[in-house]
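See structure below.
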Amino acid sequence: MVNDFIKVKCPDCANEQTVFRKAATKVACNVCGSLLISPKGGVGEIRGEILEVVG
Ligand SMILES: [Zn+2]
């Protein structure tokens with residue numbers, strides 16, 4: 001089972017956002033623009049707290 005989408009909490013503003021875990025590009029918070037995921041070897045390096053695996 002592969003769970004590619006996760007819900008993360010922004011470390012800077014506490015916004016909750018569903019993101020693609022294996023992002024090929026940087027993913028920023030929709031609210032404050034803080035970096036949530038930076039791509040690293042095919043798997044995104046996640047900043048912030050993982051709240052939920054969406055599927
Ligand atoms: Zn934020």
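If you're wondering about the labels, chains in the structure tokens are A, B, ... by order shown, residues count from 1 in each chain, ligands from 1 in order shown.
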Inset, instruction - Select the residues contacting ligand 1 at a distance of at most 10 Å, based on only C-alpha atoms and all ligand atoms, then format the selection as a list of chain:residue names. - result: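 Checking only C-alpha atoms and all ligand atoms against ligand 1 at 10 Å gives A:Lys9, A:Cys10, A:Pro11, A:Asp12, A:Cys13, A:Ala14, A:Asn15, A:Glu16, A:Gln17, A:Ala28, A:Cys29, A:Asn30, A:Val31, A:Cys32, A:Gly33, A:Ser34, A:Leu35, A:Leu36, A:Gly48.
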Filtering to all heavy atoms, could you give me those residues as a tab-separated table (two decimals), in the first residue's frame?
chain	number	residue	atom	x	y	z
A	9	LYS	N	0.94	19.80	9.00
A	9	LYS	CA	0.68	21.06	9.69
A	9	LYS	C	1.89	21.95	9.50
A	9	LYS	O	3.02	21.56	9.81
A	9	LYS	CB	0.46	20.77	11.18
A	9	LYS	CG	-0.02	21.94	11.99
A	9	LYS	CD	-0.33	21.46	13.40
A	9	LYS	CE	-1.00	22.52	14.22
A	9	LYS	NZ	-1.31	21.99	15.57
A	10	CYS	N	1.65	23.13	9.00
A	10	CYS	CA	2.73	24.07	8.77
A	10	CYS	C	3.42	24.41	10.09
A	10	CYS	O	2.76	24.74	11.08
A	10	CYS	CB	2.17	25.34	8.13
A	10	CYS	SG	3.40	26.64	7.95
A	11	PRO	N	4.75	24.32	10.12
A	11	PRO	CA	5.47	24.59	11.36
A	11	PRO	C	5.44	26.07	11.75
A	11	PRO	O	5.72	26.41	12.90
A	11	PRO	CB	6.90	24.13	11.05
A	11	PRO	CG	7.01	24.22	9.56
A	11	PRO	CD	5.64	23.89	9.04
A	12	ASP	N	5.10	26.91	10.81
A	12	ASP	CA	5.16	28.35	11.09
A	12	ASP	C	3.81	28.98	11.41
A	12	ASP	O	3.71	29.88	12.22
A	12	ASP	CB	5.79	29.08	9.91
A	12	ASP	CG	7.26	28.73	9.75
A	12	ASP	OD1	7.87	28.33	10.76
A	12	ASP	OD2	7.79	28.83	8.65
A	13	CYS	N	2.73	28.51	10.73
A	13	CYS	CA	1.44	29.17	10.95
A	13	CYS	C	0.34	28.19	11.34
A	13	CYS	O	-0.80	28.58	11.53
A	13	CYS	CB	1.02	29.95	9.71
A	13	CYS	SG	0.41	28.92	8.37
A	14	ALA	N	0.66	26.88	11.42
A	14	ALA	CA	-0.29	25.85	11.86
A	14	ALA	C	-1.41	25.60	10.86
A	14	ALA	O	-2.40	24.95	11.17
A	14	ALA	CB	-0.87	26.17	13.23
A	15	ASN	N	-1.25	26.09	9.64
A	15	ASN	CA	-2.20	25.74	8.58
A	15	ASN	C	-2.10	24.25	8.28
A	15	ASN	O	-1.01	23.69	8.22
A	15	ASN	CB	-1.84	26.55	7.32
A	15	ASN	CG	-2.64	26.11	6.10
A	15	ASN	OD1	-3.85	25.97	6.16
A	15	ASN	ND2	-1.96	25.90	4.99
A	16	GLU	N	-3.25	23.61	8.08
A	16	GLU	CA	-3.25	22.19	7.72
A	16	GLU	C	-3.48	22.07	6.23
A	16	GLU	O	-4.44	22.62	5.70
A	16	GLU	CB	-4.34	21.46	8.50
A	16	GLU	CG	-4.07	21.44	9.99
A	16	GLU	CD	-5.19	20.77	10.77
A	16	GLU	OE1	-6.10	20.20	10.15
A	16	GLU	OE2	-5.13	20.83	12.01
A	17	GLN	N	-2.62	21.33	5.57
A	17	GLN	CA	-2.64	21.28	4.13
A	17	GLN	C	-2.35	19.87	3.65
A	17	GLN	O	-1.46	19.20	4.16
A	17	GLN	CB	-1.56	22.25	3.61
A	17	GLN	CG	-1.59	22.48	2.12
A	17	GLN	CD	-0.69	23.66	1.75
A	17	GLN	OE1	-0.60	24.64	2.48
A	17	GLN	NE2	-0.03	23.58	0.62
A	28	ALA	N	4.99	24.68	-0.86
A	28	ALA	CA	4.95	25.73	0.14
A	28	ALA	C	3.58	25.82	0.77
A	28	ALA	O	2.57	25.45	0.17
A	28	ALA	CB	5.32	27.08	-0.50
A	29	CYS	N	3.54	26.32	1.97
A	29	CYS	CA	2.28	26.56	2.67
A	29	CYS	C	1.44	27.57	1.90
A	29	CYS	O	1.94	28.59	1.45
A	29	CYS	CB	2.59	27.08	4.07
A	29	CYS	SG	1.15	27.62	4.99
A	30	ASN	N	0.13	27.26	1.76
A	30	ASN	CA	-0.76	28.16	1.03
A	30	ASN	C	-1.01	29.46	1.77
A	30	ASN	O	-1.42	30.46	1.17
A	30	ASN	CB	-2.10	27.47	0.78
A	30	ASN	CG	-2.01	26.44	-0.33
A	30	ASN	OD1	-1.16	26.53	-1.21
A	30	ASN	ND2	-2.88	25.46	-0.30
A	31	VAL	N	-0.79	29.45	3.05
A	31	VAL	CA	-1.11	30.63	3.86
A	31	VAL	C	0.10	31.54	4.02
A	31	VAL	O	0.03	32.73	3.74
A	31	VAL	CB	-1.66	30.20	5.24
A	31	VAL	CG1	-1.87	31.40	6.14
A	31	VAL	CG2	-2.96	29.42	5.06
A	32	CYS	N	1.21	30.98	4.47
A	32	CYS	CA	2.34	31.83	4.80
A	32	CYS	C	3.54	31.65	3.88
A	32	CYS	O	4.51	32.40	3.96
A	32	CYS	CB	2.76	31.62	6.25
A	32	CYS	SG	3.62	30.06	6.53
A	33	GLY	N	3.48	30.64	2.99
A	33	GLY	CA	4.55	30.46	2.03
A	33	GLY	C	5.76	29.72	2.58
A	33	GLY	O	6.76	29.55	1.89
A	34	SER	N	5.66	29.25	3.80
A	34	SER	CA	6.76	28.49	4.38
A	34	SER	C	6.93	27.15	3.67
A	34	SER	O	5.96	26.54	3.22
A	34	SER	CB	6.47	28.25	5.86
A	34	SER	OG	7.51	27.50	6.45
A	35	LEU	N	8.15	26.69	3.56
A	35	LEU	CA	8.41	25.43	2.87
A	35	LEU	C	7.90	24.25	3.67
A	35	LEU	O	8.23	24.08	4.85
A	35	LEU	CB	9.92	25.30	2.64
A	35	LEU	CG	10.36	24.14	1.75
A	35	LEU	CD1	9.87	24.33	0.32
A	35	LEU	CD2	11.88	24.03	1.77
A	36	LEU	N	7.07	23.41	3.03
A	36	LEU	CA	6.53	22.23	3.71
A	36	LEU	C	7.25	20.96	3.28
A	36	LEU	O	7.48	20.06	4.07
A	36	LEU	CB	5.03	22.08	3.43
A	36	LEU	CG	4.13	23.19	3.95
A	36	LEU	CD1	2.69	22.87	3.60
A	36	LEU	CD2	4.28	23.37	5.45
A	48	GLY	N	7.46	20.03	9.31
A	48	GLY	CA	6.18	20.14	9.97
A	48	GLY	C	5.66	18.80	10.41
A	48	GLY	O	6.26	17.75	10.17
Inset, instruction - From chain A, collect each residue whose DSSP state is strand (DSSP E or B) and return the set as a PyMOL selection string. - result: chain A and resi 5-9+16-20+27-28+35-40+43-46+49-53
Please, could you write that set of residues out with C-alpha atoms as a PDB file, in the first residue's frame?
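To be explicit, this is the file written out as again_0.pdb:
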ATOM      1  CA  PHE A   5      -0.922  12.096   0.053  1.00  0.00           C
ATOM      2  CA  ILE A   6      -0.477  13.326   3.570  1.00  0.00           C
ATOM      3  CA  LYS A   7      -1.895  16.094   5.650  1.00  0.00           C
ATOM      4  CA  VAL A   8       0.770  18.206   7.257  1.00  0.00           C
ATOM      5  CA  LYS A   9       0.679  21.056   9.695  1.00  0.00           C
ATOM      6  CA  GLU A  16      -3.251  22.193   7.717  1.00  0.00           C
ATOM      7  CA  GLN A  17      -2.636  21.278   4.125  1.00  0.00           C
ATOM      8  CA  THR A  18      -2.885  18.090   2.071  1.00  0.00           C
ATOM      9  CA  VAL A  19       0.243  17.595   0.040  1.00  0.00           C
ATOM     10  CA  PHE A  20       1.748  15.040  -2.320  1.00  0.00           C
ATOM     11  CA  VAL A  27       5.695  22.566  -1.752  1.00  0.00           C
ATOM     12  CA  ALA A  28       4.954  25.733   0.137  1.00  0.00           C
ATOM     13  CA  LEU A  35       8.414  25.431   2.865  1.00  0.00           C
ATOM     14  CA  LEU A  36       6.531  22.226   3.711  1.00  0.00           C
ATOM     15  CA  ILE A  37       8.251  19.677   1.476  1.00  0.00           C
ATOM     16  CA  SER A  38      11.567  19.764  -0.275  1.00  0.00           C
ATOM     17  CA  PRO A  39      12.311  17.056  -2.844  1.00  0.00           C
ATOM     18  CA  LYS A  40      15.052  14.667  -1.873  1.00  0.00           C
ATOM     19  CA  VAL A  43      10.757  11.220  -1.627  1.00  0.00           C
ATOM     20  CA  GLY A  44       9.846  14.583  -0.244  1.00  0.00           C
ATOM     21  CA  GLU A  45      11.542  15.646   2.923  1.00  0.00           C
ATOM     22  CA  ILE A  46       8.708  16.767   5.122  1.00  0.00           C
ATOM     23  CA  GLU A  49       3.942  17.652  11.646  1.00  0.00           C
ATOM     24  CA  ILE A  50       2.217  14.831   9.746  1.00  0.00           C
ATOM     25  CA  LEU A  51      -1.383  14.794  10.906  1.00  0.00           C
ATOM     26  CA  GLU A  52      -2.888  12.151   8.671  1.00  0.00           C
ATOM     27  CA  VAL A  53      -2.117   9.883   5.727  1.00  0.00           C
TER      28      VAL A  53
END
